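Chemist: Quick one: the structure is below, and I'll ask about it shortly.
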Amino acid sequence: MAAEGKVPTLAEEYSLPPKEVPVEKPAEEKSTTSTVAEVVPQKDTETSPADETAAPVEEKSETPEVKEPEAEEAIPSTEESDEAPEETEEKPEIVIETAPADFRFPTTNQTRHCFTRYVEYHRCVAAKGDDAPECEKFAKYYRSLCPSEWVERWNEQRENGTFPGPL
Amino acid sequence: MILRSLECRFLTIALCDAAEPWQLGSQDAATPMMQGIIDLHHDIFFFLILILVFVSRMLVRALWHFNEQTNPIPQRIVHGTTIEIIRTIFPSVILLFIAIPSFALLYSMDGVLVDPAITIKAIGHQWYRTYEYSDYNSSDEQSLTFDSYTIPEDDPELGQSRLLEVDNRVVVPAKTHLRMIVTPADVPHSWAVPSSGVKCDAVPGRSNLTSISVQREGVYYGQCSEIRGTNHAFTPIVVEAVTLKDYADWVSNQLILQTN
């Protein structure tokens, strides 16, 4: 944990301890680690930007990048590639997977969920560099959750330096 | 011939997934949520009939006996502790019996903490809908996006419902947890599919979530439920539920179409 000596944040209190064996339940593992790792720096960086680098590093160690979806859903996507032989050479593989449910946003209003994922991605990139593989999942999350119009507008705002979020 | 027509009328197994003329009652349930809503409706109707019969009986009896010839001296009860206690306690018990299943359904309906398999964004415009399937994106620009316009009134093909059919349907897999993100680009909209028991308002600048899990394959029709301008009546919603495998096929075909 980044906030080891401090009073645990609300997010830490309610999150499950990160599991070291991600083999049995990839979906559960992914959501818990992402939340634990990211909620903490989000609160801390307002005061000390030094934590920013620390958080994604330890996140890398505990998230062994689970990319495969649940077992029964992986089957059709693999079948599908050999079903239509006339266009197999260019058919992209479909992985049925999306942003997990997040306990920080248990309400109908998911505006903040999308925004937070967008900020998380760009903070991750800022800390780890442009092509860090562990940031890619946040990109997938915010693309799943945010209307593309919003993403376009935010990208523009970031270029102009008028983005309102904590980047 | 007669047998055939009777068979069509009474032994039909096609379920009702669209509004029909002079329809009473709900469309057939496609999700557990809608099944719950229908069951709750029936539960409440039990109490409703009970109260209706009881109150009508009291009313009719009072009117019947309030008669100068048969009852020249009317009853003059103005106070009674027992009956007042009964008529206070009994309705509150009825309300309790309605409230318990109602709240149970209400809270089970926002099952936001179930991990969904697919996220679909329904973006309302004046006057069409855009659907985004962004789980398969690898950049901000490239995205599986399409617009869904209504088939105009003078244009439907045989078998299509008037003002209910669209050119591009939302394809979803059946028996899968779906996360619908509903948001508009201009004015408030609404995304409603009665068979799925979903009605989600779309508010500008906000994205609302509703989760559905369609239990059977089929084509489900819905209409906008937020009055929002001249073409309000002309933005239907058509959800086509297919098997997961067909869905994956559809997505990959769409991705090829969009990239080419």
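Chain lettering (A, B, ...) mirrors the order of the structure tokens, residue numbering begins at 1 for each chain separately, and ligand numbering begins at 1 in order of display.
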Can you pull out every residue from region 2-226 of chain B that DSSP, working from the backbone, puts in strand (DSSP E or B), and format the result as a PyMOL selection string?

Modeler: chain B and resi 118-125+128-133+144-148+150+166+170-173+178-184+189-193+198-202+208-212+218-222

Chemist: Can you list, as JSON, numbers by chain, all residues belonging to region 24-95 of chain B that DSSP tags as alpha helix (DSSP H)?

Modeler: {"B": [32, 33, 34, 35, 36, 37, 38, 39, 40, 41, 42, 43, 44, 45, 46, 47, 48, 49, 50, 51, 52, 53, 54, 55, 56, 57, 58, 59, 60, 61, 62, 63, 64, 65, 81, 82, 83, 84, 85, 86, 87, 88, 89, 90, 91, 92, 93, 94, 95]}

Chemist: For chain B, which residues have at least one atom within 8 Å of chain A, if we go by only C-alpha atoms? Write them as number ranges by chain, please.

Modeler: B: 110, 112-121, 123, 132-138, 140, 181, 183, 205-210, 244-245, 248-249, 251-253, 255-256

Chemist: So that I have them on file, write out the residues from the current selection with C-alpha atoms, as a PDB file, in the first residue's frame.

Modeler:
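Here's the written file selection08.pdb:
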ATOM      1  CA  ASP B 110     -29.855  -1.701  -9.941  1.00  0.00           C
ATOM      2  CA  VAL B 112     -24.654  -2.244 -10.675  1.00  0.00           C
ATOM      3  CA  LEU B 113     -22.052  -4.353  -8.936  1.00  0.00           C
ATOM      4  CA  VAL B 114     -22.350  -7.304 -11.287  1.00  0.00           C
ATOM      5  CA  ASP B 115     -19.386  -7.495 -13.631  1.00  0.00           C
ATOM      6  CA  PRO B 116     -20.809  -6.986 -17.096  1.00  0.00           C
ATOM      7  CA  ALA B 117     -19.470  -8.718 -20.178  1.00  0.00           C
ATOM      8  CA  ILE B 118     -20.211  -6.014 -22.699  1.00  0.00           C
ATOM      9  CA  THR B 119     -20.646  -2.266 -22.536  1.00  0.00           C
ATOM     10  CA  ILE B 120     -22.870  -0.607 -25.093  1.00  0.00           C
ATOM     11  CA  LYS B 121     -23.301   3.117 -25.237  1.00  0.00           C
ATOM     12  CA  ILE B 123     -26.219   8.143 -27.355  1.00  0.00           C
ATOM     13  CA  GLU B 132     -21.040   2.686 -29.653  1.00  0.00           C
ATOM     14  CA  TYR B 133     -19.430  -0.662 -28.991  1.00  0.00           C
ATOM     15  CA  SER B 134     -16.086   0.431 -27.675  1.00  0.00           C
ATOM     16  CA  ASP B 135     -14.846  -2.710 -25.945  1.00  0.00           C
ATOM     17  CA  TYR B 136     -12.900  -3.624 -29.068  1.00  0.00           C
ATOM     18  CA  ASN B 137     -11.154  -0.312 -29.633  1.00  0.00           C
ATOM     19  CA  SER B 138      -7.446   0.058 -29.643  1.00  0.00           C
ATOM     20  CA  ASP B 140      -9.647   6.775 -29.358  1.00  0.00           C
ATOM     21  CA  ILE B 181     -24.473   3.540 -20.840  1.00  0.00           C
ATOM     22  CA  THR B 183     -26.315   9.637 -22.562  1.00  0.00           C
ATOM     23  CA  GLY B 205     -23.487  15.858 -19.511  1.00  0.00           C
ATOM     24  CA  ARG B 206     -24.206  12.760 -17.532  1.00  0.00           C
ATOM     25  CA  SER B 207     -23.972   9.090 -18.378  1.00  0.00           C
ATOM     26  CA  ASN B 208     -26.491   6.759 -16.842  1.00  0.00           C
ATOM     27  CA  LEU B 209     -26.054   3.080 -16.427  1.00  0.00           C
ATOM     28  CA  THR B 210     -28.621   0.378 -16.726  1.00  0.00           C
ATOM     29  CA  LEU B 244     -23.003 -14.978 -28.163  1.00  0.00           C
ATOM     30  CA  LYS B 245     -21.314 -16.632 -31.129  1.00  0.00           C
ATOM     31  CA  ALA B 248     -18.975 -12.131 -32.011  1.00  0.00           C
ATOM     32  CA  ASP B 249     -19.421 -12.748 -35.747  1.00  0.00           C
ATOM     33  CA  VAL B 251     -18.894  -7.532 -34.234  1.00  0.00           C
ATOM     34  CA  SER B 252     -15.992  -8.765 -36.290  1.00  0.00           C
ATOM     35  CA  ASN B 253     -17.901  -8.154 -39.517  1.00  0.00           C
ATOM     36  CA  LEU B 255     -15.176  -3.985 -37.453  1.00  0.00           C
ATOM     37  CA  ILE B 256     -14.048  -5.056 -40.920  1.00  0.00           C
TER      38      ILE B 256
END

Chemist: Could you work out how far CA of Leu105 (chain B) lies from CA of Val239 (chain B), giving the answer in Å with one decimal?

Modeler: 23.5 Å

Chemist: Could you check how far CA of Ser225 (chain B) sits from CA of Pro194 (chain B), in Å to one decimal?

Modeler: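 These two atoms are separated by 10.6 Å.
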
Chemist: Please compute the CA of Ile49 (chain B)-CA of Leu15 (chain B) distance, one decimal, in Å.

Modeler: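 Calculated distance between CA of Ile49 (chain B) and CA of Leu15 (chain B) is 27.4 Å.
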
Chemist: Applying 9 Å and only C-alpha atoms, which residues near Arg216 (chain B) remain after dropping the ones on its own chain fewer than 3 positions away? List them as an MDAnalysis selection string.

Modeler: chainID B and resid 30:31 174:175 241:243

Chemist: Show me, as a count of residues only, the residues that have an atom within 10 Å of region 162-164 of chain A when counting only C-alpha atoms, minus same-chain residues fewer than 5 positions from it.

Modeler: 6

Chemist: Identify, on the basis of only C-alpha atoms, every residue whose closest approach to Gly197 (chain B) does not exceed 10 Å; exclude the query and any residue fewer than 6 positions from it along the same chain; express the result as a PyMOL selection string.

Modeler: chain B and resi 26-38+109+212
